[in-house]
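Just entry.cif here, mmCIF, C-alpha atoms and all ligand atoms:
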```cif
data_input
#
loop_
_atom_site.label_atom_id
_atom_site.label_comp_id
_atom_site.auth_asym_id
_atom_site.auth_seq_id
_atom_site.Cartn_x
_atom_site.Cartn_y
_atom_site.Cartn_z
CA MET A 125 -2.54 8.57 -28.61
CA ASN A 126 -2.96 4.90 -29.25
CA TYR A 127 -3.96 2.70 -26.30
CA LYS A 128 -4.47 -0.50 -28.27
CA ARG A 129 -2.25 -2.86 -26.33
CA SER A 130 -3.53 -1.52 -22.99
CA SER A 131 -7.10 -2.21 -24.14
CA THR A 132 -6.21 -5.77 -25.09
CA LEU A 133 -4.42 -6.36 -21.81
CA PHE A 134 -7.35 -4.92 -19.88
CA ALA A 135 -9.82 -7.23 -21.65
CA GLN A 136 -7.59 -10.17 -20.72
CA ALA A 137 -7.34 -9.00 -17.12
CA GLU A 138 -11.10 -8.58 -16.79
CA ARG A 139 -11.58 -12.27 -17.39
CA VAL A 140 -9.58 -13.30 -14.33
CA ILE A 141 -9.45 -10.25 -12.04
CA PRO A 142 -12.66 -8.52 -10.83
CA GLY A 143 -12.97 -5.35 -12.89
CA GLY A 144 -9.53 -6.09 -14.32
CA VAL A 145 -7.77 -4.35 -11.42
CA ASN A 146 -6.46 -5.20 -7.98
CA SER A 147 -7.62 -1.89 -6.50
CA PRO A 148 -10.77 -0.14 -7.72
CA VAL A 149 -9.39 3.39 -8.18
CA ARG A 150 -7.13 2.06 -10.94
CA ALA A 151 -10.11 1.36 -13.17
CA PHE A 152 -11.36 4.21 -15.35
CA LYS A 153 -14.94 3.72 -14.21
CA ALA A 154 -15.45 7.34 -13.14
CA VAL A 155 -13.97 8.80 -16.32
CA GLY A 156 -14.82 6.15 -18.93
CA GLY A 157 -12.40 4.28 -21.21
CA THR A 158 -9.92 1.61 -20.25
CA PRO A 159 -6.93 1.99 -17.92
CA ILE A 160 -3.45 2.25 -19.38
CA PHE A 161 -1.10 -0.59 -18.53
CA VAL A 162 2.31 0.50 -17.31
CA LYS A 163 5.38 -1.09 -18.78
CA GLU A 164 7.97 0.85 -16.84
CA ALA A 165 8.65 4.13 -15.14
CA LYS A 166 11.69 6.29 -14.48
CA GLY A 167 11.90 9.60 -12.64
CA ALA A 168 8.84 11.70 -13.43
CA TYR A 169 7.68 9.57 -16.37
CA LEU A 170 5.48 6.56 -16.94
CA TYR A 171 5.74 4.49 -20.12
CA ASP A 172 2.76 2.37 -21.12
CA GLU A 173 2.55 -0.87 -23.08
CA ASP A 174 1.78 1.08 -26.28
CA GLY A 175 4.98 3.10 -25.98
CA ASN A 176 3.32 6.34 -24.82
CA ARG A 177 5.07 8.57 -22.29
CA PHE A 178 3.20 10.35 -19.50
CA VAL A 179 4.31 12.90 -16.95
CA ASP A 180 3.08 11.19 -13.77
CA TYR A 181 1.10 13.08 -11.12
CA ILE A 182 -0.07 10.00 -9.21
CA ASN A 183 3.29 8.52 -8.38
CA SER A 184 1.83 5.25 -7.14
CA TRP A 185 -0.68 7.36 -5.13
CA GLY A 186 2.07 9.02 -3.18
CA PRO A 187 5.07 6.79 -2.40
CA MET A 188 7.37 7.87 -5.25
CA ILE A 189 8.18 11.28 -3.81
CA LEU A 190 11.67 11.15 -5.33
CA GLY A 191 10.51 9.76 -8.66
CA HIS A 192 10.22 6.27 -10.10
CA ALA A 193 13.08 3.77 -9.92
CA TYR A 194 15.01 6.08 -7.60
CA GLN A 195 18.51 4.61 -7.77
CA PRO A 196 19.37 4.26 -4.04
CA VAL A 197 16.07 2.45 -3.43
CA VAL A 198 16.55 0.15 -6.41
CA ASP A 199 20.12 -0.66 -5.34
CA ALA A 200 19.09 -1.34 -1.73
CA VAL A 201 16.34 -3.74 -2.82
CA VAL A 202 18.52 -5.59 -5.33
CA GLU A 203 21.32 -6.07 -2.79
CA LYS A 204 18.93 -7.31 -0.11
CA ALA A 205 17.10 -9.69 -2.45
CA LYS A 206 20.32 -11.58 -3.09
CA LYS A 207 20.48 -12.45 0.61
CA GLY A 208 17.01 -13.89 0.99
CA THR A 209 13.63 -12.21 0.74
CA SER A 210 11.86 -13.21 3.96
CA PHE A 211 12.73 -14.99 7.19
CA GLY A 212 9.96 -14.34 9.69
CA MET A 213 12.76 -13.60 12.15
CA PRO A 214 14.24 -10.35 13.45
CA THR A 215 16.74 -8.49 11.26
CA GLU A 216 18.97 -5.50 12.06
CA ILE A 217 17.52 -3.34 9.31
CA GLU A 218 14.14 -3.22 11.10
CA THR A 219 15.79 -1.45 14.04
CA GLN A 220 17.69 0.87 11.68
CA ILE A 221 14.56 2.12 9.92
CA ALA A 222 12.67 2.30 13.23
CA GLU A 223 15.42 4.46 14.78
CA LEU A 224 15.46 6.74 11.78
CA ALA A 225 11.66 7.12 11.65
CA VAL A 226 11.48 7.82 15.39
CA SER A 227 14.22 10.46 15.03
CA MET A 228 12.42 12.21 12.14
CA VAL A 229 8.88 12.31 13.55
CA PRO A 230 8.00 14.30 16.67
CA ASN A 231 6.31 12.72 19.65
CA ILE A 232 6.84 9.01 18.90
CA ASP A 233 9.05 6.59 20.83
CA LYS A 234 8.28 3.28 19.19
CA ILE A 235 7.02 2.15 15.81
CA ARG A 236 5.67 -1.13 14.48
CA PHE A 237 5.86 -2.04 10.81
CA VAL A 238 3.03 -3.69 8.91
CA ASN A 239 2.33 -4.27 5.20
CA SER A 240 -0.10 -1.51 4.22
CA GLY A 241 -1.71 1.72 5.32
CA THR A 242 -4.94 -0.21 5.85
CA GLU A 243 -3.26 -2.47 8.39
CA ALA A 244 -1.60 0.48 10.10
CA CYS A 245 -4.92 2.31 10.66
CA MET A 246 -6.79 -0.85 11.62
CA SER A 247 -4.13 -1.74 14.20
CA ALA A 248 -3.90 1.84 15.50
CA VAL A 249 -7.61 1.84 16.29
CA ARG A 250 -7.42 -1.56 17.99
CA LEU A 251 -4.54 -0.26 20.07
CA ALA A 252 -6.50 2.88 20.99
CA ARG A 253 -9.46 0.76 22.05
CA GLY A 254 -7.25 -1.59 24.05
CA PHE A 255 -5.45 1.33 25.70
CA THR A 256 -8.55 3.32 26.64
CA GLY A 257 -10.96 0.43 27.25
CA LYS A 258 -13.56 2.24 25.14
CA ASP A 259 -15.26 1.09 21.92
CA LYS A 260 -16.41 3.97 19.73
CA ILE A 261 -14.35 5.95 17.26
CA ILE A 262 -14.93 9.22 15.45
CA LYS A 263 -13.94 9.54 11.80
CA PHE A 264 -14.58 12.29 9.30
CA ALA A 265 -16.74 11.98 6.19
CA GLY A 266 -14.50 11.84 3.13
CA CYS A 267 -11.40 10.70 5.03
CA TYR A 268 -9.97 7.37 3.91
CA HIS A 269 -8.16 5.10 6.35
CA GLY A 270 -7.91 1.95 4.27
CA HIS A 271 -10.56 -0.67 3.61
CA SER A 272 -10.98 -2.32 7.00
CA ASP A 273 -14.61 -2.60 8.16
CA SER A 274 -14.79 0.20 10.73
CA PHE A 275 -13.56 2.78 8.23
CA LEU A 276 -15.80 2.04 5.26
CA ILE A 277 -18.30 4.62 6.38
CA GLN A 278 -18.20 7.61 4.02
CA ALA A 279 -14.66 6.80 3.12
CA GLY A 280 -13.52 9.26 0.47
CA SER A 281 -12.22 8.85 -3.07
CA GLY A 282 -12.64 5.19 -4.03
CA ALA A 283 -15.89 4.70 -2.20
CA VAL A 284 -17.32 8.08 -3.22
CA THR A 285 -16.28 7.66 -6.85
CA PHE A 286 -18.26 4.44 -7.02
CA GLY A 287 -21.24 5.78 -5.12
CA SER A 288 -21.06 3.20 -2.33
CA PRO A 289 -20.07 5.20 0.71
CA ASN A 290 -21.06 2.33 2.97
CA SER A 291 -19.93 -1.03 1.67
CA PRO A 292 -22.13 -4.13 1.85
CA GLY A 293 -20.36 -6.66 4.05
CA VAL A 294 -19.75 -4.17 6.84
CA THR A 295 -22.04 -5.27 9.66
CA LYS A 296 -24.41 -2.93 11.48
CA GLY A 297 -22.63 -3.94 14.67
CA THR A 298 -19.33 -2.60 13.33
CA ALA A 299 -20.87 0.50 11.77
CA LYS A 300 -22.56 1.57 15.00
CA ASP A 301 -19.19 2.06 16.70
CA THR A 302 -17.99 4.46 14.01
CA LEU A 303 -19.32 7.97 14.53
CA LEU A 304 -19.13 10.35 11.60
CA ALA A 305 -18.23 14.02 11.72
CA ARG A 306 -17.86 16.73 9.08
CA TYR A 307 -14.28 17.66 8.26
CA ASN A 308 -13.34 21.07 9.59
CA ASP A 309 -16.45 21.24 11.82
CA ILE A 310 -15.22 21.29 15.42
CA HIS A 311 -18.66 21.97 16.90
CA GLN A 312 -20.02 18.76 15.49
CA VAL A 313 -17.12 16.82 17.01
CA ALA A 314 -17.76 18.44 20.39
CA ASP A 315 -21.46 17.51 20.15
CA LEU A 316 -20.61 13.89 19.28
CA ILE A 317 -18.28 13.63 22.24
CA GLU A 318 -20.92 15.14 24.54
CA ALA A 319 -23.56 12.68 23.29
CA ASN A 320 -21.20 9.72 23.80
CA LYS A 321 -19.56 10.56 27.11
CA ASN A 322 -16.79 8.13 28.11
CA LYS A 323 -17.47 5.87 25.13
CA ILE A 324 -15.01 7.24 22.55
CA ALA A 325 -11.60 5.59 22.31
CA CYS A 326 -10.13 7.72 19.55
CA ILE A 327 -10.59 10.28 16.84
CA ILE A 328 -8.88 9.32 13.59
CA ILE A 329 -8.25 11.97 10.97
CA GLU A 330 -6.24 12.73 7.86
CA PRO A 331 -4.72 15.88 9.39
CA VAL A 332 -4.41 17.27 5.86
CA ALA A 333 -7.08 15.40 3.92
CA GLY A 334 -5.98 13.89 0.62
CA ASN A 335 -8.72 11.47 -0.32
CA MET A 336 -11.44 13.96 -1.25
CA GLY A 337 -9.01 16.12 -3.13
CA CYS A 338 -6.51 17.96 -0.98
CA ILE A 339 -8.27 19.68 1.91
CA PRO A 340 -6.26 21.55 4.52
CA PRO A 341 -7.50 21.77 8.09
CA LYS A 342 -9.03 25.18 8.88
CA GLU A 343 -6.90 27.35 11.11
CA GLY A 344 -7.11 26.09 14.69
CA PHE A 345 -9.11 22.95 13.79
CA LEU A 346 -6.39 20.43 14.65
CA GLN A 347 -5.47 22.35 17.82
CA ALA A 348 -9.11 22.33 18.91
CA LEU A 349 -9.35 18.58 18.25
CA ARG A 350 -6.23 18.09 20.35
CA LYS A 351 -7.81 20.00 23.23
CA LEU A 352 -11.06 18.06 23.05
CA CYS A 353 -9.12 14.79 23.09
CA TYR A 354 -7.08 15.76 26.15
CA ALA A 355 -10.19 16.92 28.01
CA ASN A 356 -12.09 13.69 27.31
CA GLU A 357 -9.30 11.08 27.50
CA ILE A 358 -9.65 10.29 23.83
CA LEU A 359 -6.60 9.33 21.77
CA LEU A 360 -5.95 11.46 18.71
CA ILE A 361 -4.81 9.38 15.73
CA PHE A 362 -3.20 11.19 12.82
CA ASP A 363 -3.48 9.05 9.71
CA GLU A 364 -0.35 10.29 7.97
CA VAL A 365 -0.26 7.45 5.44
CA MET A 366 -0.38 10.09 2.71
CA THR A 367 1.19 13.09 4.45
CA GLY A 368 3.91 11.37 6.50
CA PHE A 369 7.44 12.05 5.18
CA ARG A 370 5.78 14.09 2.41
CA LEU A 371 4.62 17.41 3.83
CA ALA A 372 7.62 17.66 6.17
CA LYS A 373 10.19 15.32 7.72
CA GLY A 374 7.90 15.02 10.71
CA GLY A 375 4.66 15.18 8.71
CA VAL A 376 1.64 17.23 9.76
CA GLN A 377 2.59 17.12 13.45
CA GLU A 378 5.64 19.17 12.53
CA LEU A 379 3.98 21.32 9.87
CA TYR A 380 1.07 22.47 12.05
CA ASN A 381 2.78 21.99 15.40
CA VAL A 382 0.13 19.66 16.85
CA ASN A 383 0.87 16.42 18.71
CA ALA A 384 -0.98 13.23 17.91
CA ASP A 385 -1.13 10.23 20.26
CA ILE A 386 -0.80 7.61 17.53
CA VAL A 387 0.50 8.23 14.00
CA CYS A 388 -0.10 5.94 11.01
CA PHE A 389 2.24 5.69 8.06
CA GLY A 390 2.29 4.06 4.64
CA LYS A 391 3.16 5.11 1.09
CA VAL A 392 6.45 7.10 1.30
CA ILE A 393 7.73 5.09 4.29
CA GLY A 394 7.95 1.99 2.08
CA GLY A 395 9.73 3.63 -0.84
CA GLY A 396 7.27 1.93 -3.21
CA LEU A 397 7.21 -1.47 -1.52
CA PRO A 398 4.25 -2.67 0.57
CA VAL A 399 4.83 -1.06 3.96
CA GLY A 400 2.71 0.57 6.62
CA ALA A 401 3.54 1.46 10.20
CA PHE A 402 2.02 2.92 13.33
CA ALA A 403 3.83 4.71 16.11
CA ALA A 404 3.24 6.32 19.51
CA ARG A 405 4.77 7.00 22.90
CA HIS A 406 6.17 4.09 24.98
CA ASP A 407 3.19 3.75 27.29
CA ILE A 408 0.77 3.34 24.38
CA MET A 409 2.97 1.10 22.21
CA ASP A 410 3.80 -1.18 25.15
CA HIS A 411 0.17 -2.31 25.16
CA LEU A 412 0.95 -4.28 21.99
CA ALA A 413 1.76 -8.00 21.97
CA PRO A 414 4.16 -9.46 23.00
CA LEU A 415 4.56 -6.83 25.77
CA GLY A 416 0.86 -6.18 26.24
CA PRO A 417 -2.53 -7.71 25.54
CA VAL A 418 -3.44 -5.95 22.25
CA TYR A 419 -2.78 -8.49 19.50
CA GLN A 420 -1.23 -7.56 16.17
CA ALA A 421 1.03 -9.63 13.91
CA GLY A 422 2.24 -10.26 10.35
CA THR A 423 4.17 -12.99 8.53
CA LEU A 424 5.77 -10.47 6.16
CA SER A 425 5.85 -7.46 8.52
CA GLY A 426 9.28 -5.86 8.54
CA ASN A 427 10.14 -7.75 5.37
CA PRO A 428 13.81 -7.17 4.47
CA LEU A 429 13.15 -5.90 0.92
CA ALA A 430 10.46 -3.54 2.14
CA MET A 431 12.67 -2.28 4.98
CA ALA A 432 15.61 -1.79 2.61
CA ALA A 433 13.47 0.30 0.26
CA GLY A 434 11.96 2.30 3.12
CA LEU A 435 15.30 2.90 4.79
CA ALA A 436 16.90 4.16 1.56
CA MET A 437 13.93 6.48 1.03
CA LEU A 438 13.86 7.88 4.57
CA LYS A 439 17.64 8.38 4.53
CA ALA A 440 17.40 10.39 1.33
CA LEU A 441 14.67 12.59 2.85
CA ASP A 442 16.46 12.93 6.18
CA GLU A 443 19.77 13.93 4.61
CA ASN A 444 18.25 16.36 2.10
CA SER A 445 15.57 18.21 3.98
CA GLU A 446 15.59 21.00 1.37
CA ILE A 447 13.56 18.52 -0.72
CA PHE A 448 10.38 19.53 1.10
CA SER A 449 10.67 23.25 0.31
CA ARG A 450 11.81 22.45 -3.24
CA LEU A 451 8.68 20.31 -3.69
CA GLU A 452 6.52 23.08 -2.31
CA ASP A 453 8.06 25.60 -4.73
CA LYS A 454 7.35 23.30 -7.68
CA THR A 455 3.79 22.72 -6.53
CA LYS A 456 3.20 26.45 -6.13
CA TYR A 457 4.57 27.05 -9.64
CA LEU A 458 2.22 24.41 -11.02
CA HIS A 459 -0.69 25.90 -9.06
CA GLN A 460 -0.09 29.34 -10.56
CA GLY A 461 0.27 27.90 -14.05
CA ILE A 462 -2.94 25.87 -13.81
CA SER A 463 -4.89 28.85 -12.40
CA LYS A 464 -3.71 31.08 -15.21
CA ALA A 465 -4.50 28.53 -17.91
CA LEU A 466 -8.00 27.75 -16.58
CA GLU A 467 -8.80 31.41 -15.97
CA SER A 468 -7.73 32.45 -19.44
CA HIS A 469 -10.33 30.05 -20.88
CA GLY A 470 -13.02 31.01 -18.38
CA VAL A 471 -13.10 27.59 -16.66
CA THR A 472 -14.67 27.76 -13.20
CA HIS A 473 -12.35 26.16 -10.67
CA THR A 474 -10.88 26.05 -7.17
CA ILE A 475 -7.39 24.77 -6.45
CA ASN A 476 -6.33 23.45 -3.04
CA ARG A 477 -2.69 22.95 -2.15
CA VAL A 478 -0.57 21.99 0.85
CA GLY A 479 3.13 21.31 0.34
CA SER A 480 3.46 18.82 -2.51
CA MET A 481 -0.24 17.89 -2.57
CA ILE A 482 -2.58 19.74 -4.91
CA SER A 483 -6.09 19.24 -6.28
CA VAL A 484 -8.15 20.95 -8.97
CA HIS A 485 -11.92 21.21 -8.41
CA PHE A 486 -14.33 22.35 -11.10
CA ASP A 487 -16.50 24.53 -8.89
CA LYS A 488 -15.88 28.05 -7.65
CA GLU A 489 -16.85 27.58 -3.98
CA PRO A 490 -14.08 26.84 -1.49
CA VAL A 491 -13.62 23.07 -1.01
CA VAL A 492 -13.46 22.39 2.74
CA ASP A 493 -15.16 19.01 3.22
CA ILE A 494 -16.71 16.12 1.29
CA GLU A 495 -19.92 18.01 0.52
CA THR A 496 -18.15 20.92 -1.10
CA ALA A 497 -15.74 18.53 -2.86
CA ALA A 498 -18.69 16.61 -4.32
CA LYS A 499 -20.06 19.78 -5.95
CA GLY A 500 -17.29 19.73 -8.57
CA ASN A 501 -18.49 19.25 -12.15
CA ASN A 502 -17.65 15.65 -13.06
CA GLU A 503 -18.46 16.03 -16.77
CA ILE A 504 -15.79 18.71 -17.03
CA PHE A 505 -13.40 16.58 -15.00
CA LYS A 506 -13.83 13.64 -17.40
CA LYS A 507 -12.95 15.82 -20.39
CA PHE A 508 -10.06 17.34 -18.48
CA PHE A 509 -8.72 13.89 -17.54
CA HIS A 510 -8.91 12.40 -21.05
CA GLY A 511 -7.63 15.60 -22.63
CA LEU A 512 -4.56 15.55 -20.40
CA LEU A 513 -4.02 11.84 -20.96
CA ASP A 514 -3.89 12.43 -24.72
CA GLU A 515 -1.38 15.22 -24.13
CA GLY A 516 0.87 12.87 -22.11
CA VAL A 517 -0.06 13.99 -18.59
CA TYR A 518 -1.35 11.36 -16.18
CA ILE A 519 -3.55 12.48 -13.28
CA ALA A 520 -5.75 10.23 -11.13
CA PRO A 521 -8.89 8.98 -12.91
CA SER A 522 -11.19 10.49 -10.27
CA ALA A 523 -12.16 14.04 -9.36
CA PHE A 524 -11.67 13.19 -5.66
CA GLU A 525 -7.94 12.60 -5.81
CA THR A 526 -4.92 14.65 -4.94
CA TRP A 527 -2.05 15.09 -7.37
CA PHE A 528 1.36 14.21 -5.93
CA ILE A 529 4.38 16.23 -6.93
CA THR A 530 7.68 14.38 -7.12
CA ASP A 531 11.17 15.77 -6.83
CA ALA A 532 11.98 14.19 -10.19
CA LEU A 533 9.73 16.75 -11.95
CA THR A 534 11.72 19.53 -13.61
CA TYR A 535 10.39 23.00 -14.36
CA GLU A 536 10.36 21.93 -18.03
CA ASP A 537 8.00 19.09 -17.07
CA LEU A 538 5.81 21.57 -15.19
CA ASP A 539 5.75 23.93 -18.19
CA PHE A 540 4.89 20.97 -20.45
CA THR A 541 2.00 20.16 -18.08
CA ILE A 542 0.76 23.75 -17.92
CA ALA A 543 0.84 24.00 -21.74
CA ALA A 544 -1.17 20.75 -21.94
CA ILE A 545 -3.71 22.15 -19.46
CA ASP A 546 -3.95 25.38 -21.45
CA LYS A 547 -4.68 23.39 -24.61
CA VAL A 548 -7.22 21.11 -22.92
CA ALA A 549 -8.94 24.03 -21.14
CA MET A 550 -9.83 25.52 -24.50
CA GLU A 551 -12.20 22.58 -25.10
CA LEU A 552 -13.79 22.48 -21.64
C1 LIG A 601 -3.62 5.21 1.05
C2 LIG A 601 -4.16 5.53 2.36
C3 LIG A 601 -4.50 4.53 3.29
C4 LIG A 601 -4.47 3.07 2.95
O1 LIG A 601 -3.20 2.60 2.66
P1 LIG A 601 -3.06 1.24 1.80
O2 LIG A 601 -1.58 1.01 1.79
O3 LIG A 601 -3.66 1.52 0.48
O4 LIG A 601 -3.79 0.18 2.53
C5 LIG A 601 -4.89 4.91 4.55
N1 LIG A 601 -4.97 6.20 4.89
C6 LIG A 601 -4.67 7.20 4.03
C7 LIG A 601 -4.75 8.61 4.48
C8 LIG A 601 -4.28 6.89 2.73
O5 LIG A 601 -4.03 7.89 1.87
#
```
Since I need it in another form, could you write the structure as structure tokens?
Amino acid sequence: MNYKRSSTLFAQAERVIPGGVNSPVRAFKAVGGTPIFVKEAKGAYLYDEDGNRFVDYINSWGPMILGHAYQPVVDAVVEKAKKGTSFGMPTEIETQIAELAVSMVPNIDKIRFVNSGTEACMSAVRLARGFTGKDKIIKFAGCYHGHSDSFLIQAGSGAVTFGSPNSPGVTKGTAKDTLLARYNDIHQVADLIEANKNKIACIIIEPVAGNMGCIPPKEGFLQALRKLCYANEILLIFDEVMTGFRLAKGGVQELYNVNADIVCFGKVIGGGLPVGAFAARHDIMDHLAPLGPVYQAGTLSGNPLAMAAGLAMLKALDENSEIFSRLEDKTKYLHQGISKALESHGVTHTINRVGSMISVHFDKEPVVDIETAAKGNNEIFKKFFHGLLDEGVYIAPSAFETWFITDALTYEDLDFTIAAIDKVAMEL
């Protein structure tokens, strides 16, 4: 394939944008080469500035669960835009999407909308601290909760890809309040709690991890966390920015039947516009300003275009709940096809999958946490990535990312992908 115009555009971008991108994972630093510039996208396909077509397995890193330019979302945004794009005043649509979200997700009474997943997680932790009167938090190595200071401690994909698990600019004072645990290791969490009695406000977790590849919680892990939190008056925060409205209508709480105290959303909830949200029971949410003392605000929060896109997306998912099992079937089909193709060429691999999230790791050991995820062979991944790109299949340019399956993918697209993988595997 020819990427000439993308290369030119990237060179231009690099002069005025650090690294040529507005978010580091978009750069091809981990795999080499220059990123492709998107011209447009429809359904399961991306079209770049050179006229190449790609079957898309990133889907804007998760939001486009029904495919690109999904008509009801596009129509809702266009109609709203004609009536003004921001007021900084209440609008009815904010209540409509809030009611719908609260009805779809278990265990939440109220929800507040923000502009990104980062903001949602940052605000959720502030709320947990304000509610409990305690300072420390526990996070898991390899989990990503956005780029706010307290979370940039072993923060998964982006940070790991670039070898800077702890970012300069995060003060020691901030870092000391973030305690790190190993994903899927309940004993370590129990030890941390014991060593920090009455100091821990919350545990924040990706209840199905998606930022070190896709890593499911071990059986009983989430339930055990829940128990520890109850016993120690710690709030359990599920960061469902990736999994919310993707793995089930009610996200991981529904899928694994575990209740969180605060849930964070992003990605799908905005239908491809910049939206995040956090939600909890009344008594927790009522600690937020203007009702309570915990401050949180946003000029563009609840923006009408964003709410219109999110509402159209959630409605589609709410009214067609067979989408989730259909997505799982497609993902399973892809899983089997990839396994077969890699096996037939003797390529060592492990594949993790939950619902419509899947990741391919070039190592044979089970991938259960960041350490095992990091064992994957990156040289093979690079060849795999570029090979697939040249065959018209776009996966994330990092070995630590999950692939997102969209409902727009047909079985023909999946067969096309599997054939591409079979061809590329021959050269690995
Ligand atoms: C993407 C993501 C975030 C951050 O969301 P942004 O909208 O990129 O700020 C937080 N948590 C998880 C689990 C994510 O996948």
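Between Pro398 of chain A and the residues A:Val149, A:Leu379, A:Ala244, A:Ile482, the shortest atom-to-atom distance, using all atoms listed in the file, involves A:Ala244.
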Inset, instruction - Do a neighbour search on Thr541 of chain A at 8 Å with only C-alpha atoms, toss out local chain neighbours closer than 4 positions, and write the hits as a VMD selection string. - result: chain A and resid 179 517 537 545
Inset, instruction - Please check which protein, DNA or RNA residues sit within 9 Å of ligand LIG 601 (chain A), counting all atoms listed in the file, and write them as JSON, numbers by chain. - result: {"A": [147, 185, 186, 239, 240, 241, 242, 243, 244, 245, 267, 268, 269, 270, 271, 272, 329, 330, 331, 332, 333, 334, 335, 362, 363, 364, 365, 366, 367, 388, 389, 390, 391, 398, 399, 400]}
Using only C-alpha atoms, which protein or nucleic acid residues come within 7 Å of segment 348-361 of chain A? Drop anything in the same chain fewer than 3 positions from it, and give the result as a PDB file with C-alpha atoms, in the coordinates of the input.
```pdb
ATOM      1  CA  ALA A 252      -6.500   2.880  20.990  1.00  0.00           C
ATOM      2  CA  ILE A 324     -15.010   7.240  22.550  1.00  0.00           C
ATOM      3  CA  ALA A 325     -11.600   5.590  22.310  1.00  0.00           C
ATOM      4  CA  CYS A 326     -10.130   7.720  19.550  1.00  0.00           C
ATOM      5  CA  ILE A 327     -10.590  10.280  16.840  1.00  0.00           C
ATOM      6  CA  ILE A 328      -8.880   9.320  13.590  1.00  0.00           C
ATOM      7  CA  ILE A 329      -8.250  11.970  10.970  1.00  0.00           C
ATOM      8  CA  GLY A 344      -7.110  26.090  14.690  1.00  0.00           C
ATOM      9  CA  PHE A 345      -9.110  22.950  13.790  1.00  0.00           C
ATOM     10  CA  ALA A 384      -0.980  13.230  17.910  1.00  0.00           C
ATOM     11  CA  ASP A 385      -1.130  10.230  20.260  1.00  0.00           C
ATOM     12  CA  ILE A 386      -0.800   7.610  17.530  1.00  0.00           C
ATOM     13  CA  VAL A 387       0.500   8.230  14.000  1.00  0.00           C
TER      14      VAL A 387
END
```
Could you list, as an mmCIF file with C-alpha atoms, in the frame of the given file, every residue within 12 Å of Lys128 of chain A, counting only C-alpha atoms and ignoring same-chain residues fewer than 6 positions away?
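Final file, part.cif:
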```cif
data_model
loop_
_atom_site.group_PDB
_atom_site.id
_atom_site.type_symbol
_atom_site.label_atom_id
_atom_site.label_comp_id
_atom_site.auth_asym_id
_atom_site.auth_seq_id
_atom_site.Cartn_x
_atom_site.Cartn_y
_atom_site.Cartn_z
ATOM 1 C CA PHE A 134 -7.350 -4.920 -19.880
ATOM 2 C CA ALA A 135 -9.820 -7.230 -21.650
ATOM 3 C CA GLY A 157 -12.400 4.280 -21.210
ATOM 4 C CA THR A 158 -9.920 1.610 -20.250
ATOM 5 C CA PRO A 159 -6.930 1.990 -17.920
ATOM 6 C CA ILE A 160 -3.450 2.250 -19.380
ATOM 7 C CA PHE A 161 -1.100 -0.590 -18.530
ATOM 8 C CA ASP A 172 2.760 2.370 -21.120
ATOM 9 C CA GLU A 173 2.550 -0.870 -23.080
ATOM 10 C CA ASP A 174 1.780 1.080 -26.280
ATOM 11 C CA GLY A 175 4.980 3.100 -25.980
ATOM 12 C CA ASN A 176 3.320 6.340 -24.820
#
```
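Within 6 Å of the point (-3.9, -4.2, 24.6) in file coordinates, and counting all atoms listed in the file, lie the residues Gly254, Phe255, His411, Leu412, Gly416, Pro417 and Val418 of chain A.
Shortest separation to Ile494 of chain A among A:Glu446, A:Asp453, A:Glu467, A:Asp309 occurs at residue A:Asp309, atoms counted being all atoms listed in the file.
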Legend entry - A:Gly191, A:Gly511, A:Gly394, A:Gly144 ranked by distance to Ala432 of chain A, top pick (using all atoms listed in the file): A:Gly394
Legend entry - Option closest in space to Ala314 of chain A, from A:Ala193, A:Gly156, A:Gly212, A:Ile262 [counting only C-alpha atoms]: A:Ile262
Legend entry - Pick from A:Tyr518, A:Phe486, A:Phe540, A:Phe211 nearest to Thr423 of chain A, counting all atoms listed in the file: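 Using all atoms listed in the file, Thr423 of chain A sits closest to A:Phe211.
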Legend entry - Distance in Å - atom CA of Pro214 of chain A versus atom CA of Pro230 of chain A: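 Spanning atom CA of Pro214 of chain A to atom CA of Pro230 of chain A is a straight-line distance of 25.6 Å.
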Inset, instruction - Fewer than 4 positions away in the same chain doesn't count, so skip those; otherwise give me all residues within 12 Å of Asp546 of chain A, counting all atoms listed in the file, as a list in words. - result: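 Counting all atoms listed in the file, the residues come to Gly461, Ile462, Ser463, Lys464, Ala465, Leu466, Glu467, Ser468, His469, Gly470, Val471, Phe508, Gly511, Leu512, Glu515, Asp539, Phe540, Thr541, Ile542, Met550, Glu551 and Leu552 of chain A.
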Please produce a file of those selected residues containing C-alpha atoms, as a short mmCIF file (atom, residue, chain, number, x, y, z; two decimals), in the coordinates of the input.
```cif
data_model
loop_
_atom_site.label_atom_id
_atom_site.label_comp_id
_atom_site.auth_asym_id
_atom_site.auth_seq_id
_atom_site.Cartn_x
_atom_site.Cartn_y
_atom_site.Cartn_z
CA GLY A 461 0.27 27.90 -14.05
CA ILE A 462 -2.94 25.87 -13.81
CA SER A 463 -4.89 28.85 -12.40
CA LYS A 464 -3.71 31.08 -15.21
CA ALA A 465 -4.50 28.53 -17.91
CA LEU A 466 -8.00 27.75 -16.58
CA GLU A 467 -8.80 31.41 -15.97
CA SER A 468 -7.73 32.45 -19.44
CA HIS A 469 -10.33 30.05 -20.88
CA GLY A 470 -13.02 31.01 -18.38
CA VAL A 471 -13.10 27.59 -16.66
CA PHE A 508 -10.06 17.34 -18.48
CA GLY A 511 -7.63 15.60 -22.63
CA LEU A 512 -4.56 15.55 -20.40
CA GLU A 515 -1.38 15.22 -24.13
CA ASP A 539 5.75 23.93 -18.19
CA PHE A 540 4.89 20.97 -20.45
CA THR A 541 2.00 20.16 -18.08
CA ILE A 542 0.76 23.75 -17.92
CA MET A 550 -9.83 25.52 -24.50
CA GLU A 551 -12.20 22.58 -25.10
CA LEU A 552 -13.79 22.48 -21.64
#
```
